[in-house]
$ cat model23.csv   # CSV, C-alpha atoms
chain,number,residue,atom,x,y,z
A,1,LEU,CA,0.0,0.0,0.0
A,2,MET,CA,1.0,3.6,-0.6
A,3,PHE,CA,1.0,5.8,2.5
A,4,TRP,CA,1.1,9.5,3.2
A,5,GLY,CA,2.4,9.5,6.8
A,6,ASP,CA,0.2,7.0,8.6
A,7,LYS,CA,-2.7,7.1,6.1
A,8,PRO,CA,-3.3,5.4,2.7
A,9,TYR,CA,-4.5,8.8,1.4
A,10,HIS,CA,-3.2,12.4,1.0
A,11,SER,CA,-4.6,13.8,4.3
A,12,LEU,CA,-4.7,17.4,5.2
A,13,ASP,CA,-2.6,16.7,8.2
A,14,TYR,CA,0.1,15.3,6.0
A,15,GLU,CA,-0.1,18.2,3.5
A,16,LEU,CA,0.2,20.9,6.3
A,17,LYS,CA,3.1,19.1,7.9
A,18,GLU,CA,4.9,19.0,4.5
A,19,ARG,CA,4.1,22.7,3.9
A,20,PHE,CA,4.8,24.2,7.3
A,21,GLY,CA,7.1,21.6,8.8
A,22,LYS,CA,4.8,21.0,11.8
A,23,LYS,CA,1.2,20.2,12.7
A,24,VAL,CA,-1.2,23.0,11.9
A,25,TYR,CA,-4.6,23.4,13.6
A,26,LYS,CA,-7.8,25.0,12.4
A,27,LEU,CA,-9.7,27.4,14.6
A,28,ALA,CA,-13.4,27.8,13.7
A,29,LEU,CA,-14.5,31.4,13.6
A,30,ASP,CA,-17.7,33.3,12.8
A,31,GLY,CA,-17.7,36.2,10.3
A,32,GLY,CA,-21.1,37.5,11.4
A,33,MET,CA,-22.7,36.8,8.1
A,34,THR,CA,-25.9,35.0,7.0
A,35,CYS,CA,-26.7,33.1,3.8
A,36,PRO,CA,-28.9,33.9,0.7
A,37,ASN,CA,-30.6,30.7,1.4
A,38,ARG,CA,-31.7,32.0,4.8
A,39,ASP,CA,-32.4,35.7,4.5
A,40,GLY,CA,-35.1,35.3,1.9
A,41,THR,CA,-32.9,36.1,-1.2
A,42,LEU,CA,-33.1,32.5,-2.4
A,43,GLY,CA,-35.0,30.9,0.5
A,44,VAL,CA,-35.4,30.7,4.2
A,45,GLY,CA,-34.2,28.1,6.7
A,46,GLY,CA,-31.1,27.1,4.6
A,47,CYS,CA,-30.5,23.8,2.9
A,48,ILE,CA,-32.6,20.9,4.4
A,49,PHE,CA,-29.6,19.5,6.4
A,50,CYS,CA,-28.5,22.9,7.7
A,51,SER,CA,-29.1,23.6,11.4
A,52,GLN,CA,-29.4,27.0,13.1
A,53,GLY,CA,-25.6,27.3,13.3
A,54,GLY,CA,-25.4,27.3,9.5
A,55,SER,CA,-23.1,24.2,9.4
A,56,GLY,CA,-20.7,25.9,11.8
A,57,GLU,CA,-22.1,25.1,15.3
A,58,PHE,CA,-18.6,24.9,16.8
A,59,ALA,CA,-18.0,28.5,15.8
A,60,ALA,CA,-21.5,30.0,15.9
A,61,SER,CA,-22.1,29.1,19.6
A,62,PHE,CA,-19.1,31.3,20.5
A,63,GLY,CA,-18.4,33.8,17.8
A,64,ARG,CA,-21.3,35.9,16.7
A,65,HIS,CA,-20.3,39.6,16.4
A,66,LYS,CA,-17.1,39.3,18.4
A,67,ASP,CA,-13.8,40.7,17.1
A,68,VAL,CA,-11.8,38.1,15.2
A,69,TRP,CA,-8.8,38.3,17.5
A,70,GLN,CA,-11.1,37.8,20.5
A,71,GLN,CA,-12.5,34.7,18.8
A,72,ILE,CA,-9.0,33.4,18.0
A,73,GLU,CA,-8.0,33.8,21.6
A,74,GLU,CA,-11.2,32.1,22.9
A,75,ALA,CA,-10.8,29.3,20.4
A,76,ARG,CA,-7.2,28.8,21.5
A,77,GLY,CA,-8.4,28.7,25.1
A,78,ARG,CA,-10.9,26.0,24.3
A,79,VAL,CA,-8.2,23.7,22.9
A,80,ALA,CA,-5.6,24.6,25.5
A,81,GLY,CA,-4.0,21.4,26.9
A,82,LYS,CA,-4.9,19.4,23.8
A,83,ILE,CA,-2.7,21.2,21.3
A,84,PRO,CA,0.3,23.6,21.4
A,85,LYS,CA,-0.9,27.0,22.3
A,86,ASP,CA,1.5,28.7,19.8
A,87,GLY,CA,-0.1,26.8,16.9
A,88,PRO,CA,0.4,27.6,14.1
A,89,PHE,CA,-3.3,28.0,13.2
A,90,ILE,CA,-5.6,28.4,10.2
A,91,ALA,CA,-8.5,30.8,10.7
A,92,TYR,CA,-11.5,28.8,9.5
A,93,PHE,CA,-14.5,31.0,8.7
A,94,GLN,CA,-17.1,28.3,8.9
A,95,SER,CA,-20.6,29.4,9.8
A,96,TYR,CA,-23.1,30.3,7.1
A,97,THR,CA,-21.7,32.0,3.9
A,98,ASN,CA,-18.5,33.8,4.5
A,99,THR,CA,-18.3,35.9,1.3
A,100,TYR,CA,-21.9,37.1,1.7
A,101,GLY,CA,-21.1,40.7,2.4
A,102,PRO,CA,-19.5,43.8,0.7
A,103,ALA,CA,-15.9,43.4,-0.2
A,104,ASP,CA,-14.8,46.2,2.2
A,105,TYR,CA,-16.3,44.4,5.1
A,106,LEU,CA,-14.7,41.1,4.0
A,107,GLU,CA,-11.3,42.8,3.6
A,108,LYS,CA,-11.4,44.2,7.2
A,109,LEU,CA,-12.5,40.8,8.5
A,110,PHE,CA,-10.0,38.6,6.7
A,111,SER,CA,-7.1,41.0,7.1
A,112,ARG,CA,-7.7,41.2,10.8
A,113,ALA,CA,-7.4,37.4,11.0
A,114,MET,CA,-4.2,37.4,8.9
A,115,ASP,CA,-2.7,40.1,11.1
A,116,HIS,CA,-2.6,37.6,14.0
A,117,PRO,CA,0.9,36.3,14.3
A,118,LEU,CA,-0.1,32.7,14.9
A,119,ILE,CA,-2.4,32.5,11.9
A,120,VAL,CA,-0.6,31.1,8.8
A,121,GLY,CA,-3.6,31.2,6.5
A,122,ILE,CA,-7.4,31.5,6.3
A,123,SER,CA,-10.1,29.1,5.0
A,124,VAL,CA,-13.3,30.6,3.9
A,125,GLY,CA,-16.5,28.5,3.7
A,126,THR,CA,-18.9,29.9,1.1
A,127,ARG,CA,-21.3,29.3,-1.8
A,128,PRO,CA,-20.3,29.5,-5.4
A,129,ASP,CA,-23.2,32.0,-6.0
A,130,CYS,CA,-21.7,34.4,-3.5
A,131,LEU,CA,-18.4,35.1,-5.2
A,132,PRO,CA,-18.6,38.3,-7.3
A,133,ASP,CA,-15.5,39.3,-9.2
A,134,ASP,CA,-14.5,42.0,-6.6
A,135,THR,CA,-14.6,39.4,-3.9
A,136,VAL,CA,-12.4,36.9,-5.9
A,137,GLU,CA,-10.0,39.8,-6.5
A,138,LEU,CA,-9.8,40.6,-2.8
A,139,LEU,CA,-9.1,36.9,-2.0
A,140,ARG,CA,-6.4,36.8,-4.7
A,141,LYS,CA,-4.7,39.8,-3.1
A,142,LEU,CA,-5.0,38.4,0.4
A,143,ASN,CA,-3.5,35.1,-0.9
A,144,GLU,CA,-0.3,37.0,-1.7
A,145,ARG,CA,0.1,37.7,2.1
A,146,LYS,CA,-0.8,34.4,3.6
A,147,SER,CA,-2.5,31.2,2.3
A,148,VAL,CA,-6.2,31.5,1.3
A,149,TRP,CA,-8.4,28.5,0.8
A,150,VAL,CA,-12.0,28.8,-0.5
A,151,GLU,CA,-14.3,26.0,0.6
A,152,LEU,CA,-17.3,25.5,-1.7
A,153,GLY,CA,-20.4,23.5,-0.7
A,154,LEU,CA,-21.3,21.5,-3.8
A,155,GLN,CA,-22.7,18.4,-2.1
A,156,THR,CA,-23.7,16.7,-5.3
A,157,ILE,CA,-23.5,17.2,-9.1
A,158,HIS,CA,-27.0,15.9,-9.6
A,159,GLU,CA,-29.6,18.6,-10.2
A,160,ASP,CA,-32.6,16.6,-8.9
A,161,THR,CA,-30.8,16.0,-5.6
A,162,ALA,CA,-29.7,19.6,-5.5
A,163,ARG,CA,-33.3,20.8,-5.8
A,164,PHE,CA,-34.5,18.3,-3.2
A,165,ILE,CA,-31.9,19.6,-0.6
A,166,GLY,CA,-32.7,23.2,-1.5
A,167,ARG,CA,-29.1,24.1,-2.5
A,168,GLY,CA,-30.3,27.1,-4.5
A,169,TYR,CA,-28.0,27.0,-7.5
A,170,GLU,CA,-27.3,24.8,-10.5
A,171,LEU,CA,-24.0,23.1,-11.5
A,172,PRO,CA,-22.9,25.7,-14.1
A,173,VAL,CA,-22.8,28.3,-11.2
A,174,PHE,CA,-20.3,26.1,-9.3
A,175,GLU,CA,-18.2,25.6,-12.5
A,176,ASP,CA,-18.0,29.3,-13.2
A,177,ALA,CA,-17.0,30.1,-9.6
A,178,TYR,CA,-14.4,27.3,-9.6
A,179,ARG,CA,-12.9,28.5,-12.9
A,180,ARG,CA,-12.6,32.1,-11.6
A,181,LEU,CA,-11.1,31.1,-8.3
A,182,LYS,CA,-8.5,28.9,-10.0
A,183,ALA,CA,-7.7,31.7,-12.5
A,184,ALA,CA,-7.0,33.9,-9.5
A,185,GLY,CA,-4.5,31.3,-8.1
A,186,LEU,CA,-6.6,30.3,-5.1
A,187,THR,CA,-6.8,26.9,-3.4
A,188,VAL,CA,-10.3,25.4,-3.7
A,189,VAL,CA,-11.7,22.8,-1.4
A,190,VAL,CA,-15.1,21.2,-2.4
A,191,HIS,CA,-17.6,19.7,0.1
A,192,VAL,CA,-19.5,16.5,-0.9
A,193,ILE,CA,-22.2,14.9,1.2
A,194,LEU,CA,-22.4,11.1,1.0
A,195,GLY,CA,-25.8,9.5,1.8
A,196,LEU,CA,-28.2,12.1,0.4
A,197,PRO,CA,-31.7,10.8,0.1
A,198,GLY,CA,-32.3,9.0,-3.3
A,199,GLU,CA,-28.6,8.9,-4.3
A,200,SER,CA,-27.3,5.5,-5.1
A,201,ARG,CA,-23.7,4.5,-4.7
A,202,GLU,CA,-23.1,5.0,-8.4
A,203,ARG,CA,-24.5,8.6,-8.3
A,204,MET,CA,-22.3,9.5,-5.3
A,205,LEU,CA,-19.3,8.2,-7.1
A,206,GLU,CA,-20.2,10.2,-10.2
A,207,THR,CA,-19.9,13.4,-8.1
A,208,VAL,CA,-16.5,12.2,-6.8
A,209,ASP,CA,-15.3,11.3,-10.3
A,210,TYR,CA,-16.4,14.7,-11.6
A,211,LEU,CA,-14.2,16.4,-8.9
A,212,GLY,CA,-11.4,14.0,-9.7
A,213,ARG,CA,-11.5,15.1,-13.4
A,214,LEU,CA,-11.4,18.8,-12.3
A,215,ASN,CA,-8.4,17.8,-10.1
A,216,VAL,CA,-9.7,20.0,-7.3
A,217,ASP,CA,-7.1,21.0,-4.7
A,218,GLY,CA,-9.0,19.5,-1.8
A,219,ILE,CA,-12.2,17.6,-1.0
A,220,LYS,CA,-14.3,17.1,2.2
A,221,LEU,CA,-16.3,13.9,2.2
A,222,GLN,CA,-19.1,14.5,4.7
A,223,LEU,CA,-21.6,11.9,6.0
A,224,LEU,CA,-25.2,13.1,5.8
A,225,HIS,CA,-26.1,13.9,9.4
A,226,ILE,CA,-29.7,14.3,10.5
A,227,LEU,CA,-29.6,17.1,13.0
A,228,LYS,CA,-32.4,18.3,15.4
A,229,GLY,CA,-34.3,21.3,14.2
A,230,THR,CA,-33.6,20.8,10.5
A,231,ARG,CA,-36.1,20.3,7.7
A,232,LEU,CA,-34.3,17.0,7.1
A,233,GLU,CA,-35.3,15.8,10.5
A,234,ALA,CA,-39.0,16.5,9.8
A,235,LEU,CA,-38.7,14.6,6.4
A,236,TYR,CA,-36.9,11.7,8.1
A,237,GLN,CA,-39.5,11.4,10.9
A,238,GLU,CA,-42.3,11.5,8.4
A,239,ALA,CA,-40.8,9.0,5.9
A,240,PRO,CA,-37.6,7.4,7.1
A,241,PHE,CA,-35.1,6.8,4.3
A,242,PRO,CA,-32.1,4.4,4.5
A,243,LEU,CA,-28.9,5.7,6.0
A,244,PRO,CA,-25.5,3.9,5.5
A,245,SER,CA,-24.1,1.7,8.2
A,246,LEU,CA,-20.6,2.3,9.3
A,247,GLU,CA,-19.3,-0.6,7.1
A,248,GLU,CA,-21.2,0.7,4.1
A,249,TYR,CA,-20.0,4.3,4.7
A,250,ALA,CA,-16.4,3.1,5.1
A,251,GLY,CA,-16.6,1.2,1.8
A,252,LEU,CA,-18.0,4.2,0.0
A,253,VAL,CA,-15.3,6.6,1.4
A,254,THR,CA,-12.6,4.1,0.6
A,255,GLU,CA,-13.7,3.7,-3.0
A,256,SER,CA,-14.3,7.5,-3.4
A,257,ILE,CA,-10.7,8.2,-2.3
A,258,ALA,CA,-9.3,5.4,-4.4
A,259,ARG,CA,-10.8,7.1,-7.5
A,260,LEU,CA,-9.3,10.6,-6.8
A,261,PRO,CA,-5.9,11.7,-8.1
A,262,GLN,CA,-3.1,11.6,-5.6
A,263,SER,CA,-2.7,15.3,-5.7
A,264,VAL,CA,-6.2,16.0,-4.2
A,265,VAL,CA,-5.8,16.7,-0.5
A,266,ILE,CA,-8.4,14.8,1.6
A,267,HIS,CA,-9.6,17.4,4.2
A,268,ARG,CA,-12.2,15.2,5.8
A,269,VAL,CA,-13.6,11.7,5.6
A,270,SER,CA,-16.7,11.9,7.8
A,271,GLY,CA,-17.4,15.2,9.5
A,272,ASP,CA,-18.7,16.2,12.9
A,273,GLY,CA,-22.3,16.5,13.9
A,274,PRO,CA,-22.6,18.2,17.3
A,275,LYS,CA,-23.6,15.5,19.8
A,276,ARG,CA,-26.4,17.6,21.3
A,277,LEU,CA,-28.0,18.0,17.8
A,278,LEU,CA,-27.2,14.6,16.2
A,279,LEU,CA,-30.1,12.2,15.7
A,280,GLU,CA,-28.7,9.8,13.1
A,281,PRO,CA,-26.4,8.0,12.2
A,282,SER,CA,-25.5,7.6,15.9
A,283,TRP,CA,-22.3,5.6,15.1
A,284,SER,CA,-20.8,8.8,13.5
A,285,CYS,CA,-20.2,10.2,17.0
A,286,ASN,CA,-17.2,7.9,17.5
A,287,LYS,CA,-14.7,9.6,15.4
A,288,ARG,CA,-11.8,7.3,16.2
A,289,LEU,CA,-13.9,4.2,15.3
A,290,VAL,CA,-15.0,5.8,12.0
A,291,LEU,CA,-11.5,6.7,11.0
A,292,ASN,CA,-10.1,3.3,12.1
A,293,THR,CA,-12.8,1.5,10.1
A,294,ILE,CA,-12.0,3.5,7.0
A,295,VAL,CA,-8.3,2.9,7.2
A,296,GLY,CA,-9.0,-0.8,7.9
A,297,LYS,CA,-11.1,-1.0,4.8
A,298,PHE,CA,-8.2,0.4,2.7
A,299,ARG,CA,-5.9,-2.3,4.1
A,300,GLU,CA,-8.4,-5.1,3.7
A,301,ASN,CA,-8.9,-4.4,0.0
A,302,GLY,CA,-5.3,-3.4,-0.8
A,303,LEU,CA,-6.4,0.1,-1.8
A,304,TYR,CA,-4.9,3.6,-1.6
A,305,GLN,CA,-5.7,7.0,-3.1
A,306,GLY,CA,-5.5,7.2,-6.8
A,307,ILE,CA,-5.5,3.4,-7.6
A,308,PHE,CA,-8.8,3.8,-9.5
A,309,SER,CA,-8.2,7.3,-10.7
A,310,GLY,CA,-9.8,7.9,-14.1
A,311,LYS,CA,-11.7,4.6,-14.2
A,312,SER,CA,-15.5,4.3,-14.6
A,313,VAL,CA,-17.9,3.8,-11.7
A,314,GLN,CA,-18.7,0.3,-12.7
A,315,ASN,CA,-15.0,-0.8,-12.2
A,316,GLY,CA,-15.1,-0.3,-8.4
A,317,VAL,CA,-14.8,-3.0,-5.9
A,318,PHE,CA,-17.7,-2.5,-3.4
$ encode --input "model23.csv" --output "structure tokens"
Amino acid sequence: LMFWGDKPYHSLDYELKERFGKKVYKLALDGGMTCPNRDGTLGVGGCIFCSQGGSGEFAASFGRHKDVWQQIEEARGRVAGKIPKDGPFIAYFQSYTNTYGPADYLEKLFSRAMDHPLIVGISVGTRPDCLPDDTVELLRKLNERKSVWVELGLQTIHEDTARFIGRGYELPVFEDAYRRLKAAGLTVVVHVILGLPGESRERMLETVDYLGRLNVDGIKLQLLHILKGTRLEALYQEAPFPLPSLEEYAGLVTESIARLPQSVVIHRVSGDGPKRLLLEPSWSCNKRLVLNTIVGKFRENGLYQGIFSGKSVQNGVF
């Protein structure tokens, strides 16, 4: 098997150690913005899986409307004792849509984070339909100072699923944003949700293959979580749909990564649902078990990242 450090895939941890010579940690921050899918522009309530924290509960419960440096210091305080207090850190603007504001506001916000001596880069979670040219140009300029990653929530390439989850934009919008971000020299990380209602294994792998052909810089594979207070919870209670078992999910993640080029950095293989909000799948709470099961599945099947790169979905092993 090929290994990147202790993993049979090109993990974010490995990539950051290679780049910075030591372990780098992410601090979840809140930029004080909302989302066009919440404020009535496109819809209200967000995508059906999105909770009140706007997919950034770990930041939202602490950060609303606080100065960025104050948030950084408080986030460091919360992890004190677990990780080195001098970092280095990446400032992760996670909650809601972090380019959904005027460029001058964004410039103050992101520059403030970059000014902190322990911050080596920023990661900006956003939507492809919230990246006007002036914002992309701002991110390009900031990227000359310190690393800038843009994280785009794609979830699926299939338009029927996108409509069902209430994503609010079509695939060409993603393609246009991706092209402009790459032309500006930015690092782009794409979020995919595995286990969306009505999506077969083949359809999920088609999304992964599509991103493999784009050769995206990074990918986050996220298990579909059913969280309390979401529209997805109401749908699930009304008409339960099948959710993957741990074994099934590990097989799906393993094959997904085996299909991706080795240059693609794997930022996440499962994701965190806050325990106080998580309804299903309950097994996903045990992060160590999930990770060990996935790595075990690679070993069991003699797989590693890139072994199936460029092959059709039907050629998989699971």
$ closest_residue --input "model23.csv" --among "A:Arg140, A:Lys17, A:Arg78, A:Lys26" --to "Phe93 (chain A)" --atoms "all atoms listed in the file"
A:Lys26
$ closest_residue --input "model23.csv" --among "A:Asn143, A:Ser200, A:Asn215, A:Thr207" --to "Pro261 (chain A)" --atoms "all atoms listed in the file"
A:Asn215
$ residues_around --input "model23.csv" --residues "Asp209 (chain A)" --least-positions-apart "5" --cutoff "12 Å" --atoms "only C-alpha atoms" --output "JSON, numbers by chain"
{"A": [156, 157, 192, 202, 203, 204, 214, 215, 216, 219, 255, 256, 257, 258, 259, 260, 261, 264, 306, 308, 309, 310, 311, 312, 313, 314, 316]}
$ closest_residue --input "model23.csv" --among "A:Ile226, A:Val24, A:Leu278, A:Leu246" --to "Leu118 (chain A)" --atoms "only C-alpha atoms"
A:Val24
$ closest_residue --input "model23.csv" --among "A:Gly218, A:Pro274, A:Gly87, A:Pro132" --to "Val150 (chain A)" --atoms "all atoms listed in the file"
A:Gly218
$ closest_residue --input "model23.csv" --among "A:Leu227, A:Tyr236, A:Thr254, A:Leu1" --to "Val208 (chain A)" --atoms "only C-alpha atoms"
A:Thr254
$ atom_distance --input "model23.csv" --atom1 "CA of Leu232 (chain A)" --atom2 "CA of Ile48 (chain A)"
5.0 Å
$ atom_distance --input "model23.csv" --atom1 "CA of Arg201 (chain A)" --atom2 "CA of Val124 (chain A)"
29.4 Å
$ residues_around --input "model23.csv" --residues "Gly168 (chain A)" --least-positions-apart "5" --cutoff "10 Å" --atoms "all atoms listed in the file" --output "list in words"
Pro36, Asn37, Thr41, Leu42, Gly43, Gly46, Cys47, Arg127, Asp129, Ala162 and Arg163 of chain A
